[in-house]
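K.L.:
Dropping in model36.cif, with mmCIF, C-alpha atoms and all ligand atoms.
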data_protein
loop_
_atom_site.label_atom_id
_atom_site.label_comp_id
_atom_site.auth_asym_id
_atom_site.auth_seq_id
_atom_site.Cartn_x
_atom_site.Cartn_y
_atom_site.Cartn_z
CA MET A 1253 108.28 119.62 136.90
CA PHE A 1254 111.17 117.41 135.83
CA VAL A 1255 113.70 119.25 133.63
CA TRP A 1256 116.57 117.50 131.84
CA THR A 1257 120.06 119.06 131.75
CA PRO A 1258 122.89 117.96 129.42
CA ASP A 1259 124.76 116.42 132.41
CA MET A 1260 121.69 114.43 133.49
CA VAL A 1261 121.22 113.18 129.93
CA ARG A 1262 124.88 112.13 129.68
CA PHE A 1263 124.82 110.29 133.02
CA LEU A 1264 121.54 108.49 132.32
CA LYS A 1265 122.69 107.53 128.81
CA ASP A 1266 125.83 105.93 130.30
CA ALA A 1267 123.84 104.10 132.99
CA SER A 1268 121.21 102.88 130.51
CA GLU A 1269 123.83 101.55 128.11
CA HIS A 1270 125.84 99.78 130.84
CA THR A 1271 123.08 97.83 132.57
CA ALA A 1272 120.23 95.54 131.51
CA TYR A 1273 117.82 97.66 133.57
CA TYR A 1274 115.42 98.76 130.80
CA GLU A 1275 115.38 95.34 129.09
CA VAL A 1276 114.42 93.61 132.35
CA LEU A 1277 111.87 96.30 133.13
CA ALA A 1278 110.26 95.90 129.68
CA GLN A 1279 110.13 92.13 130.27
CA LYS A 1280 108.34 92.68 133.59
CA ILE A 1281 105.83 95.05 131.97
CA ALA A 1282 105.26 92.66 129.04
CA ALA A 1283 104.25 89.88 131.45
CA HIS A 1284 101.08 91.89 132.27
CA LEU A 1285 100.05 92.88 128.73
CA ASP A 1286 99.03 91.50 125.34
CA LEU A 1287 102.09 91.68 123.08
CA ARG A 1288 99.89 92.72 120.11
CA SER A 1289 99.21 96.01 121.92
CA HIS A 1290 99.83 99.57 120.78
CA VAL A 1291 101.64 100.85 123.86
CA CYS A 1292 102.31 104.44 124.89
CA ASP A 1293 105.41 105.16 126.97
CA ALA A 1294 104.15 108.37 128.61
CA GLY A 1295 106.98 110.69 129.71
CA CYS A 1296 109.50 108.39 128.02
CA GLY A 1297 112.57 110.55 128.79
CA LEU A 1298 115.60 109.28 126.84
CA GLY A 1299 113.42 106.45 125.54
CA TYR A 1300 115.50 103.41 126.52
CA LEU A 1301 112.35 101.77 127.89
CA SER A 1302 110.47 102.67 124.67
CA LEU A 1303 113.12 100.88 122.59
CA ALA A 1304 112.99 97.82 124.85
CA LEU A 1305 109.16 97.83 124.61
CA ALA A 1306 109.34 98.13 120.79
CA LYS A 1307 111.20 94.79 120.72
CA ARG A 1308 108.23 93.15 122.42
CA PHE A 1309 105.04 94.98 121.39
CA SER A 1310 103.41 95.62 117.99
CA PHE A 1311 103.78 99.39 118.14
CA VAL A 1312 105.08 101.96 120.65
CA SER A 1313 104.35 105.68 120.89
CA ALA A 1314 107.02 107.45 122.95
CA VAL A 1315 105.75 110.79 124.28
CA ASP A 1316 107.76 113.44 126.13
CA VAL A 1317 107.88 117.23 126.44
CA SER A 1318 111.67 117.40 126.34
CA PRO A 1319 113.26 117.80 122.87
CA LEU A 1320 116.68 117.23 124.50
CA ALA A 1321 115.60 113.83 125.89
CA LEU A 1322 113.83 112.83 122.67
CA SER A 1323 116.91 113.62 120.57
CA VAL A 1324 118.67 110.71 122.32
CA LEU A 1325 115.76 108.39 121.48
CA GLN A 1326 115.66 109.60 117.87
CA GLY A 1327 119.40 108.91 117.47
CA ASN A 1328 119.09 105.41 118.94
CA ALA A 1329 115.94 104.58 116.95
CA ASN A 1330 117.66 105.64 113.71
CA ALA A 1331 120.83 103.69 114.53
CA GLN A 1332 118.82 100.56 115.38
CA HIS A 1333 116.42 100.94 112.37
CA VAL A 1334 113.38 100.62 114.63
CA ASN A 1335 110.25 100.76 112.49
CA ASN A 1336 107.45 100.18 115.02
CA LEU A 1337 108.05 103.30 117.13
CA GLU A 1338 106.73 106.84 116.82
CA ILE A 1339 108.25 109.72 118.75
CA VAL A 1340 105.77 112.37 119.88
CA GLU A 1341 107.06 115.65 121.30
CA GLY A 1342 104.65 117.48 123.59
CA ASP A 1343 102.52 117.33 126.69
CA VAL A 1344 100.95 113.86 126.90
CA PHE A 1345 97.73 115.49 128.19
CA CYS A 1346 97.37 117.26 124.83
CA LYS A 1347 98.69 114.53 122.50
CA ALA A 1348 95.73 112.16 122.32
CA PRO A 1349 96.17 109.30 119.82
CA LYS A 1350 93.84 108.94 116.80
CA THR A 1351 92.57 105.66 118.20
CA HIS A 1352 92.86 104.68 121.85
CA TYR A 1353 96.07 103.01 123.03
CA ASP A 1354 95.81 99.42 124.25
CA ALA A 1355 98.17 100.18 127.12
CA MET A 1356 99.90 103.16 128.67
CA ILE A 1357 103.09 102.99 130.74
CA PHE A 1358 103.78 105.72 133.30
CA CYS A 1359 107.30 105.01 134.53
CA PHE A 1360 108.30 107.50 137.25
CA PHE A 1361 105.82 109.94 135.76
CA GLY A 1362 104.45 112.45 138.27
CA ARG A 1363 101.24 111.91 140.19
CA THR A 1364 99.03 108.81 140.21
CA ASP A 1365 95.86 110.84 139.62
CA GLU A 1366 97.38 112.48 136.53
CA ALA A 1367 98.35 109.09 135.10
CA LEU A 1368 94.86 107.71 135.72
CA ARG A 1369 93.18 110.72 134.14
CA ILE A 1370 95.32 110.51 130.99
CA ALA A 1371 94.85 106.73 130.78
CA LYS A 1372 91.07 107.07 131.14
CA LEU A 1373 90.98 109.50 128.21
CA GLN A 1374 93.52 107.92 125.88
CA CYS A 1375 93.55 104.17 126.56
CA HIS A 1376 91.12 101.26 126.28
CA GLY A 1377 93.09 98.60 128.11
CA LYS A 1378 95.69 98.71 130.86
CA ALA A 1379 97.56 101.47 132.64
CA VAL A 1380 100.90 100.40 134.10
CA ILE A 1381 102.18 102.79 136.77
CA ILE A 1382 105.73 102.35 138.06
CA LYS A 1383 106.69 104.08 141.28
CA LYS A 1384 109.66 104.52 143.56
CA ASN A 1385 109.68 101.96 146.34
CA TRP A 1386 112.37 103.60 148.42
CA GLU A 1387 112.37 106.32 151.05
CA THR A 1388 115.38 108.59 150.42
CA HIS A 1389 116.85 110.09 147.24
CA ARG A 1390 119.04 107.36 145.76
CA PHE A 1391 122.12 109.47 145.03
CA ASP A 1392 121.86 112.05 147.79
CA LEU A 1393 124.66 111.39 150.28
CA GLY A 1394 122.75 113.30 152.96
CA GLY A 1395 119.80 110.86 152.75
CA ALA A 1396 117.10 113.44 151.88
CA PRO A 1397 113.61 111.88 152.00
CA ILE A 1398 111.70 111.63 148.70
CA GLY A 1399 108.34 112.39 150.29
CA SER A 1400 105.80 111.87 147.50
CA HIS A 1401 105.11 109.74 144.40
CA THR A 1402 105.99 106.48 146.14
CA PHE A 1403 104.59 103.01 145.55
CA SER A 1404 102.95 102.96 148.99
CA SER A 1405 101.27 106.35 148.45
CA ALA A 1406 99.94 105.14 145.06
CA VAL A 1407 98.55 101.98 146.69
CA ASN A 1408 96.79 104.15 149.29
CA GLU A 1409 95.34 106.40 146.58
CA LEU A 1410 93.99 103.52 144.48
CA THR A 1411 92.46 101.94 147.59
CA GLU A 1412 90.87 105.25 148.63
CA TRP A 1413 89.39 105.75 145.15
CA GLY A 1414 88.12 102.13 145.03
CA ILE A 1415 90.09 101.27 141.89
CA PRO A 1416 91.14 97.59 141.66
CA TYR A 1417 94.78 96.91 140.75
CA LYS A 1418 97.41 94.22 140.46
CA SER A 1419 100.79 94.99 141.93
CA GLU A 1420 104.32 93.69 141.93
CA THR A 1421 107.45 94.92 143.68
CA PHE A 1422 111.00 94.17 142.57
CA ALA A 1423 114.52 95.59 142.57
CA LEU A 1424 116.79 96.02 139.54
CA GLU A 1425 120.45 96.97 139.47
CA PHE A 1426 120.76 100.43 137.90
CA GLY A 1427 124.11 101.82 139.01
CA GLN A 1428 126.21 104.56 137.45
CA PRO A 1429 129.45 104.04 135.52
CA PHE A 1430 132.02 106.86 135.49
CA ALA A 1431 134.90 107.62 133.13
CA THR A 1432 136.67 109.76 135.76
CA LEU A 1433 136.56 110.54 139.46
CA GLU A 1434 135.72 114.16 138.54
CA ASP A 1435 132.60 112.91 136.78
CA ALA A 1436 131.60 111.03 139.93
CA GLN A 1437 132.00 114.24 141.96
CA LEU A 1438 129.87 116.12 139.42
CA PHE A 1439 127.25 113.36 139.53
CA PHE A 1440 126.89 113.65 143.32
CA GLN A 1441 126.54 117.42 142.91
CA VAL A 1442 123.90 117.09 140.17
CA TYR A 1443 121.80 114.67 142.23
CA ALA A 1444 122.34 116.33 145.63
CA LYS A 1445 119.13 117.18 147.47
CA SER A 1446 120.56 118.14 150.85
CA GLY A 1447 123.24 120.70 151.74
CA GLU A 1448 125.90 118.25 153.00
CA ALA A 1449 126.10 116.50 149.64
CA GLN A 1450 126.81 119.62 147.59
CA ASN A 1451 130.60 119.49 147.54
CA VAL A 1452 132.00 115.99 147.46
CA SER A 1453 135.77 115.52 147.61
CA PRO A 1454 137.42 112.90 145.36
CA GLU A 1455 138.14 110.82 148.50
CA GLU A 1456 134.48 111.00 149.62
CA ALA A 1457 133.23 110.13 146.12
CA GLN A 1458 135.64 107.20 145.90
CA LYS A 1459 134.26 105.68 149.14
CA HIS A 1460 130.98 104.96 147.28
CA LEU A 1461 132.52 103.57 144.10
CA VAL A 1462 133.91 100.22 143.04
CA ARG A 1463 136.77 99.85 140.53
CA THR A 1464 136.01 98.00 137.31
CA ALA A 1465 138.11 96.33 134.60
CA ASP A 1466 136.49 98.59 131.96
CA LYS A 1467 139.19 101.03 130.75
CA ALA A 1468 136.60 103.54 129.48
CA TYR A 1469 134.54 103.44 132.70
CA PRO A 1470 136.89 102.43 135.53
CA TYR A 1471 134.48 103.48 138.34
CA TYR A 1472 130.98 102.21 139.12
CA LEU A 1473 128.47 103.36 141.70
CA PRO A 1474 126.34 100.29 142.54
CA SER A 1475 122.64 100.99 143.05
CA LEU A 1476 119.76 98.60 143.43
CA LYS A 1477 116.60 100.42 142.34
CA LYS A 1478 113.53 99.21 144.23
CA MET A 1479 110.24 99.81 142.52
CA GLY A 1480 106.58 98.95 142.58
CA MET A 1481 104.40 98.33 139.53
CA LEU A 1482 100.64 98.82 139.58
CA VAL A 1483 98.44 97.55 136.75
CA VAL A 1484 94.96 99.03 136.39
CA ASP A 1485 92.23 98.20 133.88
CA THR A 1486 91.22 101.57 132.40
CA GLY A 1487 87.59 100.39 132.44
CA ASP A 1488 87.83 100.43 136.25
CA ILE A 1489 88.89 104.09 136.38
CA PRO A 1490 85.77 106.15 137.19
CA ASP A 1491 84.64 108.70 134.56
CA ASP A 1492 84.68 111.34 137.28
CA ILE A 1493 88.21 110.52 138.41
CA HIS A 1494 89.09 114.23 138.30
CA LYS A 1495 86.34 114.93 140.87
CA LYS A 1496 87.63 112.19 143.17
CA MET A 1497 91.10 113.63 142.90
CA LEU A 1498 89.91 117.06 143.86
CA GLY A 1499 87.74 115.63 146.65
CA GLU A 1500 84.60 117.13 145.03
CA GLN A 1501 81.08 115.93 145.80
CA GLU A 1502 79.10 114.02 143.17
C1 LIG A 1601 111.48 111.11 135.85
S1 LIG A 1601 111.48 111.17 134.11
C2 LIG A 1601 111.17 109.47 133.69
C3 LIG A 1601 111.63 109.10 132.33
C4 LIG A 1601 111.37 107.65 131.90
N1 LIG A 1601 109.97 107.29 131.99
C5 LIG A 1601 112.22 106.69 132.69
O1 LIG A 1601 111.68 105.99 133.55
O2 LIG A 1601 113.45 106.65 132.45
C6 LIG A 1601 109.90 111.95 133.75
C7 LIG A 1601 109.75 112.31 132.29
O3 LIG A 1601 108.42 112.77 132.06
C8 LIG A 1601 108.48 113.88 131.16
N2 LIG A 1601 107.23 114.64 131.36
C9 LIG A 1601 106.83 115.29 132.48
N3 LIG A 1601 105.58 115.81 132.31
C10 LIG A 1601 105.19 115.48 131.05
C11 LIG A 1601 104.02 115.71 130.29
N4 LIG A 1601 102.98 116.40 130.80
N5 LIG A 1601 103.95 115.22 129.03
C12 LIG A 1601 105.00 114.53 128.50
N6 LIG A 1601 106.15 114.27 129.19
C13 LIG A 1601 106.25 114.73 130.44
C14 LIG A 1601 109.78 114.60 131.51
O4 LIG A 1601 110.26 115.41 130.45
C15 LIG A 1601 110.68 113.40 131.80
O5 LIG A 1601 111.34 112.98 130.64
#
Just dump the structure as structure tokens.
Ligand SMILES: C[S@@+](CC[C@H](N)C(=O)[O-])C[C@H]1O[C@@H](n2cnc3c(N)ncnc32)[C@H](O)[C@@H]1O

P.N.:
Amino acid sequence: MFVWTPDMVRFLKDASEHTAYYEVLAQKIAAHLDLRSHVCDAGCGLGYLSLALAKRFSFVSAVDVSPLALSVLQGNANAQHVNNLEIVEGDVFCKAPKTHYDAMIFCFFGRTDEALRIAKLQCHGKAVIIKKNWETHRFDLGGAPIGSHTFSSAVNELTEWGIPYKSETFALEFGQPFATLEDAQLFFQVYAKSGEAQNVSPEEAQKHLVRTADKAYPYYLPSLKKMGMLVVDTGDIPDDIHKKMLGEQE
């Protein structure tokens, strides 16, 4: 289970506020949906996508289990006087809306079968599932493979379960700005998945960075994030999806 730490929150906040990543992502999602929709951003994290969606859709419910992550969203929503967003703290499985959502977004949220099961129960409309479309951990210098939850594995699952879908793949720049070289070293430690990447010297960290003209963030780690988006009509998700997931007989 994904757990936020204060360092992860700080790094992601910096990255989100220095790139157009979430705005472009919201635009791509919006192209598949009715803008009058009540949309749920399931597992919204720091909520930068939720805020970008709220600029486009009638109403957004941002749901996450992490109070630490949601405190960032609450601060931003207050500062921006957003009035078409509700923040829901808790397990999305247990936080069913009073009336069904028109769309649910699952952006880098766990397993495909979980997303489909939640969408079947809570949404009359579209489920948008966004997956990693790369093979190794993006910030692991040792190149550790990601293994599961990829776009290609989700495509295989939907095909196996006979669920029709639309798909789109794209890549968005989502690099990491740094105030200091020490922060860059810490970042590589935080996101290390393989032994070799644990202790990164300033010289090694610097090899991956470019210098910028920004006095507050003079270093930048470029990163093109490749992803795949799958759009499913919740009416096409079988009622017994949980049985299919478990491989049970009818
Ligand atoms: C990898 S992060 C993705 C965050 C965000 N969607 C994004 O793309 O920036 C996954 C998020 O899902 C949340 N999460 C995991 N399981 C959850 C659940 N059952 N209910 C609500 N949130 C959950 C985590 O706390 C985390 O914020």

K.L.:
Of the candidates A:Gln1437, A:Thr1257, A:Gln1374, A:Ser1302, which shows the shortest atom-to-atom distance to A:Gly1487, using all atoms listed in the file?

P.N.:
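Looking at the shortest contact to A:Gly1487, the residue is A:Gln1374.
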
K.L.:
In terms of the shortest atom-to-atom distance over all atoms listed in the file, which of A:Val1344, A:Met1260, A:Ala1444, A:Ile1382 is closest to A:Arg1369?

P.N.:
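Of the candidates, the smallest distance to A:Arg1369 is held by A:Val1344.
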
K.L.:
Leaving out A:Val1380 and any residue of its chain fewer than 4 positions from it, which residues lie within 9 Å of it when counting all atoms listed in the file, given as a PyMOL selection string?

P.N.:
chain A and resi 1281+1284+1355-1359+1481-1485

K.L.:
Let me have all residues with an atom within 9 Å of ligand LIG 1601 (chain A), counting all atoms listed in the file, laid out as a ChimeraX atom specification.

P.N.:
/A:1253-1256,1264,1268,1274,1293-1302,1315-1322,1340-1347,1357-1362,1366,1382

K.L.:
Do you have the atom CA of A:Lys1495-atom CA of A:Lys1384 distance handy?

P.N.:
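Separation of atom CA of A:Lys1495 and atom CA of A:Lys1384: 25.7 Å.
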
K.L.:
Here is a test: counting all atoms listed in the file, which residue of A:Asp1365, A:Gln1326, A:Gln1279, A:Leu1285 is nearest to A:Trp1413?

P.N.:
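Once distances to A:Trp1413 are computed over all atoms listed in the file, the minimum belongs to A:Asp1365.
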
K.L.:
Quick one: 3 Å padding each side, axis-aligned, all listed atoms of stretch 1382-1399 of chain A - centre and edge lengths in Å to one decimal, as AutoDock Vina command-line options?

P.N.:
--center_x 115.2 --center_y 107.7 --center_z 145.5 --size_x 24.9 --size_y 17.5 --size_z 20.9

K.L.:
Can you take the partial stretch 1443-1468 of chain A, add N, CA and C atoms, and return it as an mmCIF file, keeping the file's coordinate frame?

P.N.:
data_model
loop_
_atom_site.group_PDB
_atom_site.id
_atom_site.type_symbol
_atom_site.label_atom_id
_atom_site.label_comp_id
_atom_site.auth_asym_id
_atom_site.auth_seq_id
_atom_site.Cartn_x
_atom_site.Cartn_y
_atom_site.Cartn_z
ATOM 1 N N TYR A 1443 122.927 115.362 141.578
ATOM 2 C CA TYR A 1443 121.800 114.670 142.230
ATOM 3 C C TYR A 1443 121.679 114.966 143.718
ATOM 4 N N ALA A 1444 122.421 115.970 144.208
ATOM 5 C CA ALA A 1444 122.340 116.330 145.630
ATOM 6 C C ALA A 1444 120.996 116.958 145.940
ATOM 7 N N LYS A 1445 120.404 116.570 147.046
ATOM 8 C CA LYS A 1445 119.130 117.180 147.470
ATOM 9 C C LYS A 1445 119.288 117.869 148.811
ATOM 10 N N SER A 1446 120.378 117.526 149.533
ATOM 11 C CA SER A 1446 120.560 118.140 150.850
ATOM 12 C C SER A 1446 121.932 118.819 150.876
ATOM 13 N N GLY A 1447 122.065 119.844 151.695
ATOM 14 C CA GLY A 1447 123.240 120.700 151.740
ATOM 15 C C GLY A 1447 124.566 119.957 151.846
ATOM 16 N N GLU A 1448 124.624 118.927 152.732
ATOM 17 C CA GLU A 1448 125.900 118.250 153.000
ATOM 18 C C GLU A 1448 126.486 117.608 151.757
ATOM 19 N N ALA A 1449 125.607 117.252 150.797
ATOM 20 C CA ALA A 1449 126.100 116.500 149.640
ATOM 21 C C ALA A 1449 126.587 117.405 148.517
ATOM 22 N N GLN A 1450 126.511 118.719 148.706
ATOM 23 C CA GLN A 1450 126.810 119.620 147.590
ATOM 24 C C GLN A 1450 128.231 119.498 147.066
ATOM 25 N N ASN A 1451 129.209 119.543 147.981
ATOM 26 C CA ASN A 1451 130.600 119.490 147.540
ATOM 27 C C ASN A 1451 131.249 118.200 148.021
ATOM 28 N N VAL A 1452 131.464 117.296 147.103
ATOM 29 C CA VAL A 1452 132.000 115.990 147.460
ATOM 30 C C VAL A 1452 133.460 115.939 147.020
ATOM 31 N N SER A 1453 134.343 115.618 147.958
ATOM 32 C CA SER A 1453 135.770 115.520 147.610
ATOM 33 C C SER A 1453 135.999 114.228 146.823
ATOM 34 N N PRO A 1454 137.128 114.149 146.082
ATOM 35 C CA PRO A 1454 137.420 112.900 145.360
ATOM 36 C C PRO A 1454 137.470 111.701 146.316
ATOM 37 N N GLU A 1455 138.026 111.920 147.522
ATOM 38 C CA GLU A 1455 138.140 110.820 148.500
ATOM 39 C C GLU A 1455 136.755 110.358 148.936
ATOM 40 N N GLU A 1456 135.843 111.331 149.188
ATOM 41 C CA GLU A 1456 134.480 111.000 149.620
ATOM 42 C C GLU A 1456 133.752 110.261 148.490
ATOM 43 N N ALA A 1457 133.895 110.774 147.257
ATOM 44 C CA ALA A 1457 133.230 110.130 146.120
ATOM 45 C C ALA A 1457 133.723 108.689 145.975
ATOM 46 N N GLN A 1458 135.026 108.515 146.113
ATOM 47 C CA GLN A 1458 135.640 107.200 145.900
ATOM 48 C C GLN A 1458 135.120 106.147 146.892
ATOM 49 N N LYS A 1459 134.759 106.610 148.108
ATOM 50 C CA LYS A 1459 134.260 105.680 149.140
ATOM 51 C C LYS A 1459 133.017 104.931 148.655
ATOM 52 N N HIS A 1460 132.248 105.554 147.717
ATOM 53 C CA HIS A 1460 130.980 104.960 147.280
ATOM 54 C C HIS A 1460 131.128 104.145 145.996
ATOM 55 N N LEU A 1461 132.337 104.177 145.417
ATOM 56 C CA LEU A 1461 132.520 103.570 144.100
ATOM 57 C C LEU A 1461 133.279 102.253 144.192
ATOM 58 N N VAL A 1462 133.065 101.405 143.181
ATOM 59 C CA VAL A 1462 133.910 100.220 143.040
ATOM 60 C C VAL A 1462 134.736 100.386 141.770
ATOM 61 N N ARG A 1463 135.933 99.799 141.732
ATOM 62 C CA ARG A 1463 136.770 99.850 140.530
ATOM 63 C C ARG A 1463 136.331 98.740 139.591
ATOM 64 N N THR A 1464 136.403 99.013 138.291
ATOM 65 C CA THR A 1464 136.010 98.000 137.310
ATOM 66 C C THR A 1464 137.196 97.713 136.379
ATOM 67 N N ALA A 1465 137.050 96.668 135.554
ATOM 68 C CA ALA A 1465 138.110 96.330 134.600
ATOM 69 C C ALA A 1465 137.908 97.068 133.275
ATOM 70 N N ASP A 1466 136.823 97.852 133.195
ATOM 71 C CA ASP A 1466 136.490 98.590 131.960
ATOM 72 C C ASP A 1466 137.378 99.844 131.873
ATOM 73 N N LYS A 1467 138.248 99.885 130.845
ATOM 74 C CA LYS A 1467 139.190 101.030 130.750
ATOM 75 C C LYS A 1467 138.459 102.351 130.510
ATOM 76 N N ALA A 1468 137.337 102.307 129.778
ATOM 77 C CA ALA A 1468 136.600 103.540 129.480
ATOM 78 C C ALA A 1468 135.799 104.026 130.694
#
